[in-house]
Amino acid sequence: MKKVRQPLVIGNWKMHPTSLVLATKLARELKKKFGQRHDATVVVAPPFVYIESVRALLGSGKSVILGAQDAFPANDGSYTSQISIPMLQDLGVRYVILGHSERRALGETDAEINKKLTATIKAGLVGVLCVGEQARDAGGHYLSFIEEQVRHALKGISKSKLEAITIAYEPLWAIGTGTNATPADVHEIKLFIERILTDMYGRTNAQRVRILYGGSVNSKNAQELYSEGAVDGFLVGGASLKAEEFVSIVHRITHS
Ligand code: PGA
């Protein structure tokens, strides 16, 4: 399938690596391996406390762009422990992952995700909305589950903001398990999400939203998932912690 946009590959470091020394080592390796030019948009989302150091190593952000794993929707105030979007912006962050299943598992609701997404794109950052089912069922209930997640998160968001939204389809059963969804599964859900967006915003507007896949992506399955799944790129967890593997995922889909 012919692609019209540059692929987007986001590395979600989650709560890794275990020290600043290791985080800066990883950032240094990425910087070296990616060099100055590649035909993809590459983002890394380190834990908050490493962002500043990673930014210092990655430089101006042309080759690897900074992301964050969450953000709080108010700009400032008495919100102990929270990190605001302007704070992230000030550190050079341009992408914010929102509604990851690991955050939903800690109690984050669709309403909170909607607030965060709305505030993120209002500030001019890209919001990466994660959706995905816990398990598949023969009756196809997982489809309505995904549809609910998409519709709730986008509530009140106007079509003029769709360019700033990326949706990552991440089935829970594929995250960190070593069992990725098949390219056919990925393609099915990509079309399904496009249909929901078309229903909400019309066909042309719907196409402004990028759709990624995440869940046990590695350098061996990346090419097939990208071309047959027909997605715009990946949200990568475990494999983004090994510079060589992460770089080769990007190479596989840009040199295919
Ligand atoms: P994984 O994680 O690549 O380790 O499966 C993906 C994610 O949780 O974003």
# chains A, B, ... in the order shown; residues from 1 in each chain; ligands from 1

$ select_by_dssp --residues "stretch 37-176 of chain A" --states "strand (DSSP E)" --output "list in words"
Thr41, Val42, Val43, Val44, Ala45, Ile65, Leu66, Gly67, Ala68, Val93, Arg94, Tyr95, Val96, Ile97, Leu98, Val126, Gly127, Val128, Leu129, Cys130, Val131, Ile165, Thr166, Ile167, Ala168 and Tyr169 of chain A

$ residues_around --residues "A:Gly214" --least-positions-apart "2" --cutoff "9 Å" --atoms "only C-alpha atoms" --output "list in words"
Cys130, Ala168, Tyr169, Glu170, Pro171, Ala174, Ile175, Asn180, Ala181, Leu212, Ser216, Val217, Gly233, Phe234, Leu235, Val236 and Gly237 of chain A

$ closest_atom_pairs --of "stretch 96-186 of chain A" --to "stretch 219-225 of chain A" --cutoff "10 Å" --atoms "only C-alpha atoms" --output "tab-separated table"
residue	atom	partner	partner_atom	distance
A:Asn180	CA	A:Asn221	CA	8.2
A:Ala181	CA	A:Leu225	CA	8.5
A:Thr182	CA	A:Leu225	CA	7.2
A:Pro183	CA	A:Leu225	CA	4.8
A:Ala184	CA	A:Leu225	CA	8.4
A:Asp185	CA	A:Leu225	CA	9.5
A:Val186	CA	A:Leu225	CA	7.4

$ write_last_selection --atoms "N, CA, C and O atoms" --output "PDB file, in the first residue's frame"
ATOM      1  N   ASN A 180       2.523  -9.787  18.919  1.00  0.00           N
ATOM      2  CA  ASN A 180       1.942  -8.609  18.271  1.00  0.00           C
ATOM      3  C   ASN A 180       0.621  -8.964  17.589  1.00  0.00           C
ATOM      4  O   ASN A 180       0.366 -10.127  17.280  1.00  0.00           O
ATOM      5  N   ALA A 181      -0.208  -7.945  17.372  1.00  0.00           N
ATOM      6  CA  ALA A 181      -1.411  -8.166  16.557  1.00  0.00           C
ATOM      7  C   ALA A 181      -0.942  -8.493  15.142  1.00  0.00           C
ATOM      8  O   ALA A 181       0.148  -8.067  14.741  1.00  0.00           O
ATOM      9  N   THR A 182      -1.732  -9.228  14.392  1.00  0.00           N
ATOM     10  CA  THR A 182      -1.318  -9.547  13.024  1.00  0.00           C
ATOM     11  C   THR A 182      -1.511  -8.296  12.156  1.00  0.00           C
ATOM     12  O   THR A 182      -2.327  -7.421  12.492  1.00  0.00           O
ATOM     13  N   PRO A 183      -0.815  -8.220  11.032  1.00  0.00           N
ATOM     14  CA  PRO A 183      -1.033  -7.084  10.128  1.00  0.00           C
ATOM     15  C   PRO A 183      -2.511  -6.958   9.741  1.00  0.00           C
ATOM     16  O   PRO A 183      -3.029  -5.850   9.619  1.00  0.00           O
ATOM     17  N   ALA A 184      -3.203  -8.099   9.592  1.00  0.00           N
ATOM     18  CA  ALA A 184      -4.631  -8.045   9.222  1.00  0.00           C
ATOM     19  C   ALA A 184      -5.462  -7.437  10.353  1.00  0.00           C
ATOM     20  O   ALA A 184      -6.364  -6.621  10.108  1.00  0.00           O
ATOM     21  N   ASP A 185      -5.146  -7.814  11.602  1.00  0.00           N
ATOM     22  CA  ASP A 185      -5.835  -7.219  12.766  1.00  0.00           C
ATOM     23  C   ASP A 185      -5.634  -5.705  12.768  1.00  0.00           C
ATOM     24  O   ASP A 185      -6.567  -4.933  13.001  1.00  0.00           O
ATOM     25  N   VAL A 186      -4.398  -5.319  12.553  1.00  0.00           N
ATOM     26  CA  VAL A 186      -4.044  -3.896  12.612  1.00  0.00           C
ATOM     27  C   VAL A 186      -4.781  -3.133  11.518  1.00  0.00           C
ATOM     28  O   VAL A 186      -5.347  -2.059  11.752  1.00  0.00           O
TER      29      VAL A 186
END

$ closest_residue --among "A:Thr204, A:Ser84, A:Ser19, A:Asn12" --to "ligand 1" --atoms "only C-alpha atoms and all ligand atoms"
A:Asn12

$ atom_distance --atom1 "atom CA of A:His141" --atom2 "atom CA of A:Leu191"
16.4 Å

$ closest_residue --among "A:His16, A:Arg252, A:Lys115, A:Arg94" --to "ligand 1" --atoms "only C-alpha atoms and all ligand atoms"
A:His16

$ select_by_dssp --residues "stretch 53-247 of chain A" --states "helix (DSSP H, G or I)" --output "PyMOL selection string"
chain A and resi 53-58+85-90+101-104+110-122+141-153+159-164+172-174+183-201+203-206+222-229+238-241+243-247

$ residues_around --residues "A:Glu194" --least-positions-apart "5" --cutoff "9 Å" --atoms "only C-alpha atoms" --output "PyMOL selection string"
chain A and resi 189+199+203+206-207+209+211

$ residues_around --residues "A:Pro7" --least-positions-apart "4" --cutoff "9 Å" --atoms "only C-alpha atoms" --output "list in words"
Lys3, Asp39, Ala40, Thr41, Val42, Tyr226, Val231, Asp232, Gly233, Phe234, Val250, Ile253 and Thr254 of chain A

$ closest_residue --among "A:Leu26, A:Ala74, A:Ala239, A:Val43" --to "A:Lys62" --atoms "only C-alpha atoms"
A:Val43

$ closest_residue --among "A:Arg210, A:Lys25, A:His187, A:Lys161" --to "A:Ala119" --atoms "only C-alpha atoms"
A:Lys161

$ closest_residue --among "A:Gly139, A:Gly156, A:Gly132, A:Gly127" --to "ligand 1" --atoms "only C-alpha atoms and all ligand atoms"
A:Gly132

$ closest_residue --among "A:Glu102, A:Glu133, A:Asp70, A:Glu188" --to "ligand 1" --atoms "only C-alpha atoms and all ligand atoms"
A:Glu102

$ residues_around --residues "A:Val64" --least-positions-apart "4" --cutoff "10 Å" --atoms "only C-alpha atoms" --output "ChimeraX atom specification"
/A:9-10,27,30-31,34-38,40-44,55,58-60

$ write_last_selection --atoms "C-alpha atoms" --output "compact mmCIF listing (two decimals), in the first residue's frame"
# COMPACT_ATOMS: atom_id res chain seq x y z
CA VAL A 9 7.80 6.25 15.27
CA ILE A 10 7.47 7.04 18.96
CA ALA A 27 20.03 9.18 24.32
CA LEU A 30 20.23 7.29 19.59
CA LYS A 31 21.77 10.57 18.59
CA PHE A 34 20.17 8.41 13.83
CA GLY A 35 22.65 11.01 12.61
CA GLN A 36 21.11 14.05 11.02
CA ARG A 37 18.85 12.64 8.33
CA HIS A 38 16.23 9.94 8.10
CA ALA A 40 10.75 9.38 9.46
CA THR A 41 9.54 11.50 12.34
CA VAL A 42 11.16 9.93 15.38
CA VAL A 43 10.04 10.79 18.90
CA VAL A 44 11.28 9.56 22.27
CA ARG A 55 17.08 17.16 25.45
CA LEU A 58 19.66 15.27 21.45
CA GLY A 59 20.18 18.93 20.60
CA SER A 60 17.83 21.02 18.51

$ atom_distance --atom1 "atom CA of A:Leu129" --atom2 "atom CA of A:Phe48"
18.3 Å

$ residues_around --residues "A:Met15" --least-positions-apart "4" --cutoff "10 Å" --atoms "only C-alpha atoms" --output "ChimeraX atom specification"
/A:46-48,69

$ write_last_selection --atoms "C-alpha atoms" --output "PDB file, in the first residue's frame"
ATOM      1  CA  PRO A  46      11.443   9.501  28.506  1.00  0.00           C
ATOM      2  CA  PRO A  47      10.233   9.713  32.116  1.00  0.00           C
ATOM      3  CA  PHE A  48       9.720  13.372  33.121  1.00  0.00           C
ATOM      4  CA  GLN A  69       4.174  10.144  28.648  1.00  0.00           C
TER       5      GLN A  69
END

$ atom_distance --atom1 "atom 5 (O, counted along the ligand's line) of ligand 1" --atom2 "atom CA of A:Lys14"
10.8 Å

$ residues_around --residues "A:Pro73" --least-positions-apart "5" --cutoff "10 Å" --atoms "only C-alpha atoms" --output "list of chain:residue names"
A:Gln82, A:Ile83, A:Ser84, A:Ile85, A:Pro86, A:Glu112, A:Ile113, A:Asn114, A:Lys115, A:Lys116, A:Leu117, A:Thr118, A:Ala119, A:Thr120

$ write_last_selection --atoms "all heavy atoms" --output "mmCIF file, in the first residue's frame"
data_model
loop_
_atom_site.group_PDB
_atom_site.id
_atom_site.type_symbol
_atom_site.label_atom_id
_atom_site.label_comp_id
_atom_site.auth_asym_id
_atom_site.auth_seq_id
_atom_site.Cartn_x
_atom_site.Cartn_y
_atom_site.Cartn_z
ATOM 1 N N GLN A 82 1.808 17.102 39.883
ATOM 2 C CA GLN A 82 1.463 17.105 38.454
ATOM 3 C C GLN A 82 2.431 17.946 37.612
ATOM 4 O O GLN A 82 3.112 18.832 38.130
ATOM 5 C CB GLN A 82 0.032 17.614 38.269
ATOM 6 C CG GLN A 82 -1.013 16.774 38.989
ATOM 7 C CD GLN A 82 -1.053 15.338 38.494
ATOM 8 O OE1 GLN A 82 -0.804 15.061 37.326
ATOM 9 N NE2 GLN A 82 -1.355 14.413 39.384
ATOM 10 N N ILE A 83 2.446 17.667 36.323
ATOM 11 C CA ILE A 83 3.334 18.368 35.378
ATOM 12 C C ILE A 83 2.456 19.003 34.304
ATOM 13 O O ILE A 83 1.684 18.304 33.643
ATOM 14 C CB ILE A 83 4.301 17.372 34.682
ATOM 15 C CG1 ILE A 83 4.984 16.423 35.674
ATOM 16 C CG2 ILE A 83 5.301 18.121 33.793
ATOM 17 C CD1 ILE A 83 6.169 16.943 36.395
ATOM 18 N N SER A 84 2.577 20.313 34.130
ATOM 19 C CA SER A 84 1.690 20.999 33.185
ATOM 20 C C SER A 84 2.218 20.940 31.747
ATOM 21 O O SER A 84 3.414 20.691 31.522
ATOM 22 C CB SER A 84 1.520 22.466 33.589
ATOM 23 O OG SER A 84 2.675 23.190 33.224
ATOM 24 N N ILE A 85 1.334 21.242 30.837
ATOM 25 C CA ILE A 85 1.722 21.254 29.420
ATOM 26 C C ILE A 85 2.731 22.381 29.138
ATOM 27 O O ILE A 85 3.746 22.140 28.467
ATOM 28 C CB ILE A 85 0.467 21.329 28.528
ATOM 29 C CG1 ILE A 85 -0.312 20.016 28.688
ATOM 30 C CG2 ILE A 85 0.830 21.557 27.067
ATOM 31 C CD1 ILE A 85 -1.760 20.081 28.322
ATOM 32 N N PRO A 86 2.527 23.617 29.655
ATOM 33 C CA PRO A 86 3.550 24.652 29.428
ATOM 34 C C PRO A 86 4.928 24.260 29.981
ATOM 35 O O PRO A 86 5.952 24.607 29.399
ATOM 36 C CB PRO A 86 2.987 25.869 30.169
ATOM 37 C CG PRO A 86 1.517 25.645 30.196
ATOM 38 C CD PRO A 86 1.338 24.174 30.304
ATOM 39 N N GLU A 112 -11.007 12.327 31.865
ATOM 40 C CA GLU A 112 -9.698 12.946 32.131
ATOM 41 C C GLU A 112 -8.843 12.983 30.867
ATOM 42 O O GLU A 112 -8.168 13.975 30.578
ATOM 43 C CB GLU A 112 -8.953 12.162 33.237
ATOM 44 C CG GLU A 112 -9.512 12.430 34.622
ATOM 45 C CD GLU A 112 -9.043 11.409 35.661
ATOM 46 O OE1 GLU A 112 -8.678 10.267 35.292
ATOM 47 O OE2 GLU A 112 -9.068 11.759 36.835
ATOM 48 N N ILE A 113 -8.898 11.909 30.127
ATOM 49 C CA ILE A 113 -8.109 11.839 28.885
ATOM 50 C C ILE A 113 -8.596 12.911 27.907
ATOM 51 O O ILE A 113 -7.798 13.588 27.249
ATOM 52 C CB ILE A 113 -8.201 10.411 28.280
ATOM 53 C CG1 ILE A 113 -7.503 9.413 29.222
ATOM 54 C CG2 ILE A 113 -7.583 10.363 26.881
ATOM 55 C CD1 ILE A 113 -7.875 7.964 29.000
ATOM 56 N N ASN A 114 -9.900 13.089 27.839
ATOM 57 C CA ASN A 114 -10.467 14.129 26.970
ATOM 58 C C ASN A 114 -9.958 15.521 27.361
ATOM 59 O O ASN A 114 -9.577 16.324 26.509
ATOM 60 C CB ASN A 114 -11.999 14.066 27.028
ATOM 61 C CG ASN A 114 -12.651 15.225 26.321
ATOM 62 O OD1 ASN A 114 -13.185 16.130 26.953
ATOM 63 N ND2 ASN A 114 -12.607 15.230 25.004
ATOM 64 N N LYS A 115 -9.915 15.796 28.657
ATOM 65 C CA LYS A 115 -9.417 17.104 29.129
ATOM 66 C C LYS A 115 -7.951 17.290 28.770
ATOM 67 O O LYS A 115 -7.527 18.354 28.333
ATOM 68 C CB LYS A 115 -9.540 17.188 30.668
ATOM 69 C CG LYS A 115 -10.863 17.693 31.145
ATOM 70 C CD LYS A 115 -10.726 18.113 32.607
ATOM 71 C CE LYS A 115 -12.101 18.200 33.236
ATOM 72 N NZ LYS A 115 -12.145 17.804 34.609
ATOM 73 N N LYS A 116 -7.174 16.247 28.968
ATOM 74 C CA LYS A 116 -5.739 16.317 28.688
ATOM 75 C C LYS A 116 -5.478 16.505 27.192
ATOM 76 O O LYS A 116 -4.640 17.294 26.783
ATOM 77 C CB LYS A 116 -5.039 15.044 29.173
ATOM 78 C CG LYS A 116 -5.002 14.937 30.686
ATOM 79 C CD LYS A 116 -4.357 13.645 31.141
ATOM 80 C CE LYS A 116 -4.293 13.614 32.661
ATOM 81 N NZ LYS A 116 -3.512 12.483 33.169
ATOM 82 N N LEU A 117 -6.232 15.754 26.396
ATOM 83 C CA LEU A 117 -6.048 15.847 24.942
ATOM 84 C C LEU A 117 -6.432 17.244 24.453
ATOM 85 O O LEU A 117 -5.719 17.862 23.653
ATOM 86 C CB LEU A 117 -6.887 14.764 24.248
ATOM 87 C CG LEU A 117 -6.752 14.658 22.735
ATOM 88 C CD1 LEU A 117 -5.311 14.323 22.327
ATOM 89 C CD2 LEU A 117 -7.689 13.573 22.181
ATOM 90 N N THR A 118 -7.541 17.755 24.952
ATOM 91 C CA THR A 118 -8.011 19.084 24.561
ATOM 92 C C THR A 118 -6.960 20.142 24.908
ATOM 93 O O THR A 118 -6.626 20.999 24.086
ATOM 94 C CB THR A 118 -9.346 19.394 25.283
ATOM 95 O OG1 THR A 118 -10.260 18.333 24.984
ATOM 96 C CG2 THR A 118 -9.936 20.708 24.833
ATOM 97 N N ALA A 119 -6.416 20.063 26.125
ATOM 98 C CA ALA A 119 -5.421 21.057 26.555
ATOM 99 C C ALA A 119 -4.116 20.916 25.769
ATOM 100 O O ALA A 119 -3.472 21.914 25.432
ATOM 101 C CB ALA A 119 -5.157 20.886 28.050
ATOM 102 N N THR A 120 -3.747 19.688 25.468
ATOM 103 C CA THR A 120 -2.487 19.445 24.745
ATOM 104 C C THR A 120 -2.526 20.067 23.350
ATOM 105 O O THR A 120 -1.603 20.785 22.947
ATOM 106 C CB THR A 120 -2.231 17.918 24.635
ATOM 107 O OG1 THR A 120 -2.084 17.395 25.954
ATOM 108 C CG2 THR A 120 -0.985 17.604 23.838
#
